[in-house]
Amino acid sequence: MSSTTTMPTSEPSKPSRKTYKGSERATWCAGCGDYSVLAALDRALIAYGRPEEEITIVSGIGCSSRFPFFMNTYGFHSVHGRALAVATGLKLARPEITVIATGGDGDALAIGGNHFFHAMRRNVDLTYILMDNQIYGMTKGQAAPTSELGMKTKSTPYGTFEPPVDPVWAALTMGATFIAQTASHDPNHMAEMFLRGLEHRGMSFINCLSPCVTFNAGMDREYFKAHSRPVPEDHDPTDYDAALRLVREAQREHYFPLGIIHVRHEPTLADRVGEIREKLHTAAQQKNEIEEIVKEFV
Ligand SMILES: Cc1ncc(C[n+]2csc(CCOP(=O)(O)OP(=O)(O)O)c2C)c(N)n1
Ligand code: SF4
């Protein structure tokens, strides 16, 4: 009897509209922008074409962070502000997996601001989708770091007194290598930006304007539509200085530029860690070096 194992000959089936759809129904408020983000990511994943068991969605805490429940991929609903820390660890441990992080502006830029900064500068190979509704939705309407200056919320009855963080500017200046902005009122654009982000090797940051209709009703889809403009056709996203100028102009003129703001190719965190590993040839060499260091202090 032959000892050769027969491998299955059938090709893995192509993803369909059912592949990534979770069995749990999304539980957001009727009209929440996050529904549209969910549908667009589903479409982007179908086009991307990886089997569901090779994808993990990691989130923090918030309405938008409920994402992993609603998709049929691996998922990790972690701790408030810690999505990027968990996603970074997962990507380093299992570099072959596609890791997507999702969450809200509070999760990303308030409690998670520290992790945001370092994940961007490390160029971790992740796709990070931030659903920016300019409010804390889950905890019923407190000001977020992206809330406009002077905005009255439950936690700021006399208006906010801190200038807002622009997530696109933050990602751009902190070192992300793919930066795009999109909006839940334009599902085709969203799906395209997500797919481009998934295909990019390195930190892909996609800011997604996604209204909270319950606790920030003034910033609904009509507001975001009226305050958005497509990135000009002649914008060269590989030109970093041009990207900085574009975002500064948008800040001065109070609009959201929609499209790819910046893209460049650089070694990822895993590449850099791999290079260091290669330099430390043998376990014995590592041991000797550690012993030398310890001798200095003991
Ligand atoms: C350590 C910790 N602090 C505070 C909270 C309470 N909390 C839960 S979600 C949230 C903010 C959610 O806002 P955002 O991240 O913008 O997401 P959204 O709900 O708007 O999608 C806060 C403050 C928590 N769960 N854990
Ligand atoms: S509270 Fe706001 S962010 Fe949360 S589900 Fe409702 S509309 Fe969406």
# chains A, B, ... in the order shown; residues from 1 in each chain; ligands from 1
call {"tool": "residues_near_ligand", "arguments": {"ligand": "ligand 1", "cutoff": "6 Å", "atoms": "only C-alpha atoms and all ligand atoms", "output": "PDB file with N, CA and C atoms, in the first residue's frame"}}
result
ATOM      1  N   ILE A  61     -13.536  48.824  21.844  1.00  0.00           N
ATOM      2  CA  ILE A  61     -14.897  48.864  22.404  1.00  0.00           C
ATOM      3  C   ILE A  61     -15.593  50.115  21.885  1.00  0.00           C
ATOM      4  N   GLY A  62     -16.848  49.963  21.557  1.00  0.00           N
ATOM      5  CA  GLY A  62     -17.659  51.066  21.025  1.00  0.00           C
ATOM      6  C   GLY A  62     -18.688  50.447  20.078  1.00  0.00           C
ATOM      7  N   CYS A  63     -19.615  51.262  19.573  1.00  0.00           N
ATOM      8  CA  CYS A  63     -20.604  50.717  18.623  1.00  0.00           C
ATOM      9  C   CYS A  63     -19.878  50.141  17.414  1.00  0.00           C
ATOM     10  N   SER A  64     -18.968  50.934  16.837  1.00  0.00           N
ATOM     11  CA  SER A  64     -18.245  50.504  15.637  1.00  0.00           C
ATOM     12  C   SER A  64     -17.339  49.305  15.923  1.00  0.00           C
ATOM     13  N   HIS A  80     -11.103  48.616  25.268  1.00  0.00           N
ATOM     14  CA  HIS A  80     -11.230  49.973  24.743  1.00  0.00           C
ATOM     15  C   HIS A  80      -9.854  50.583  24.450  1.00  0.00           C
ATOM     16  N   GLY A 104     -13.911  53.145  16.579  1.00  0.00           N
ATOM     17  CA  GLY A 104     -14.411  54.514  16.506  1.00  0.00           C
ATOM     18  C   GLY A 104     -13.333  55.534  16.803  1.00  0.00           C
ATOM     19  N   ASP A 105     -13.731  56.823  16.702  1.00  0.00           N
ATOM     20  CA  ASP A 105     -12.756  57.901  16.904  1.00  0.00           C
ATOM     21  C   ASP A 105     -12.315  58.003  18.364  1.00  0.00           C
ATOM     22  N   GLY A 106     -13.208  57.657  19.301  1.00  0.00           N
ATOM     23  CA  GLY A 106     -12.824  57.663  20.712  1.00  0.00           C
ATOM     24  C   GLY A 106     -11.830  56.546  20.968  1.00  0.00           C
ATOM     25  N   ASP A 107     -12.172  55.383  20.492  1.00  0.00           N
ATOM     26  CA  ASP A 107     -11.319  54.207  20.671  1.00  0.00           C
ATOM     27  C   ASP A 107      -9.927  54.437  20.074  1.00  0.00           C
ATOM     28  N   ILE A 135     -18.194  61.572  17.829  1.00  0.00           N
ATOM     29  CA  ILE A 135     -18.890  61.483  19.135  1.00  0.00           C
ATOM     30  C   ILE A 135     -18.608  60.102  19.734  1.00  0.00           C
ATOM     31  N   TYR A 136     -18.822  59.962  21.042  1.00  0.00           N
ATOM     32  CA  TYR A 136     -18.828  58.617  21.647  1.00  0.00           C
ATOM     33  C   TYR A 136     -20.267  58.105  21.514  1.00  0.00           C
ATOM     34  N   GLY A 137     -20.500  57.181  20.609  1.00  0.00           N
ATOM     35  CA  GLY A 137     -21.851  56.666  20.387  1.00  0.00           C
ATOM     36  C   GLY A 137     -22.290  55.714  21.495  1.00  0.00           C
ATOM     37  N   MET A 138     -21.459  54.723  21.769  1.00  0.00           N
ATOM     38  CA  MET A 138     -21.885  53.654  22.683  1.00  0.00           C
ATOM     39  C   MET A 138     -22.234  54.171  24.078  1.00  0.00           C
ATOM     40  N   THR A 139     -21.488  55.168  24.545  1.00  0.00           N
ATOM     41  CA  THR A 139     -21.750  55.674  25.898  1.00  0.00           C
ATOM     42  C   THR A 139     -22.698  56.882  25.885  1.00  0.00           C
TER      43      THR A 139
END
call {"tool": "residues_near_ligand", "arguments": {"ligand": "ligand 2", "cutoff": "6 Å", "atoms": "only C-alpha atoms and all ligand atoms", "output": "ChimeraX atom specification"}}
result
/A:28-29,32,63,137-138,212-215
call {"tool": "closest_atom_pairs", "arguments": {"of": "stretch 177-205 of chain A", "to": "stretch 146-167 of chain A", "cutoff": "10 Å", "atoms": "only C-alpha atoms", "output": "JSON lines"}}
result
{"residue": "A:Ile179", "atom": "CA", "partner": "A:Pro167", "partner_atom": "CA", "distance": 9.9}
{"residue": "A:Gln181", "atom": "CA", "partner": "A:Pro167", "partner_atom": "CA", "distance": 9.4}
{"residue": "A:Phe205", "atom": "CA", "partner": "A:Pro167", "partner_atom": "CA", "distance": 9.2}
call {"tool": "write_last_selection", "arguments": {"atoms": "N, CA and C atoms", "output": "mmCIF file, in the first residue's frame"}}
result
data_model
loop_
_atom_site.group_PDB
_atom_site.id
_atom_site.type_symbol
_atom_site.label_atom_id
_atom_site.label_comp_id
_atom_site.auth_asym_id
_atom_site.auth_seq_id
_atom_site.Cartn_x
_atom_site.Cartn_y
_atom_site.Cartn_z
ATOM 1 N N ILE A 179 -2.896 56.115 3.215
ATOM 2 C CA ILE A 179 -3.895 56.917 3.931
ATOM 3 C C ILE A 179 -4.982 57.324 2.959
ATOM 4 N N GLN A 181 -9.388 58.595 2.787
ATOM 5 C CA GLN A 181 -10.595 59.009 3.513
ATOM 6 C C GLN A 181 -11.798 58.693 2.623
ATOM 7 N N PHE A 205 -4.340 53.141 6.598
ATOM 8 C CA PHE A 205 -5.297 53.809 7.485
ATOM 9 C C PHE A 205 -6.406 54.423 6.634
#
call {"tool": "atom_distance", "arguments": {"atom1": "atom CA of A:Arg94", "atom2": "atom CA of A:Gly75"}}
result
14.1 Å
call {"tool": "atom_distance", "arguments": {"atom1": "atom CA of A:Gly22", "atom2": "atom CA of A:Phe69"}}
result
6.9 Å
call {"tool": "residues_around", "arguments": {"residues": "A:Ala191", "least_positions_apart": "5", "cutoff": "12 Å", "atoms": "only C-alpha atoms", "output": "list of chain:residue names"}}
result
A:Ser36, A:Val37, A:Leu38, A:Ala39, A:Ala40, A:Leu41, A:Asp42, A:Arg43, A:Ala44, A:Leu45, A:Ile46, A:Ala47, A:Tyr48, A:Ile129, A:Ala180, A:Gln181, A:Thr182, A:Ala183, A:Ser184, A:His185, A:Asp186, A:Arg196, A:Gly197, A:Leu198, A:Ile206, A:Cys208, A:Gly259
call {"tool": "select_by_dssp", "arguments": {"residues": "stretch 104-242 of chain A", "states": "helix (DSSP H, G or I)", "output": "ChimeraX atom specification"}}
result
/A:105-109,113-122,167-174,187-199,221-226,240-242
call {"tool": "atom_distance", "arguments": {"atom1": "atom CA of A:Leu109", "atom2": "atom CA of A:Glu52"}}
result
28.9 Å
call {"tool": "closest_residue", "arguments": {"among": "A:Thr177, A:Gln251, A:Thr102, A:Thr127", "to": "A:His227", "atoms": "only C-alpha atoms"}}
result
A:Gln251
call {"tool": "residues_around", "arguments": {"residues": "A:Leu90", "least_positions_apart": "3", "cutoff": "12 Å", "atoms": "only C-alpha atoms", "output": "ChimeraX atom specification"}}
result
/A:55-58,74-76,83-87,93-101,124-126,270
call {"tool": "select_by_dssp", "arguments": {"residues": "stretch 78-196 of chain A", "states": "strand (DSSP E or B)", "output": "PyMOL selection string"}}
result
chain A and resi 98-104+127-132+136+142+178-183
call {"tool": "closest_residue", "arguments": {"among": "A:Leu209, A:Thr238, A:Arg25, A:Val168", "to": "A:Ala250", "atoms": "only C-alpha atoms"}}
result
A:Val168
call {"tool": "closest_residue", "arguments": {"among": "A:Met131, A:Met71, A:Met193, A:Met203", "to": "A:Leu269", "atoms": "only C-alpha atoms"}}
result
A:Met203
call {"tool": "residues_around", "arguments": {"residues": "A:Gly60", "least_positions_apart": "6", "cutoff": "6 Å", "atoms": "only C-alpha atoms", "output": "JSON, numbers by chain"}}
result
{"A": [77, 78, 79, 80, 81, 82, 83]}
call {"tool": "residues_around", "arguments": {"residues": "A:Ala119", "least_positions_apart": "2", "cutoff": "9 Å", "atoms": "only C-alpha atoms", "output": "NGL selection string"}}
result
:A and (84-85 or 88 or 114-117 or 121-124 or 174-176 or 203)
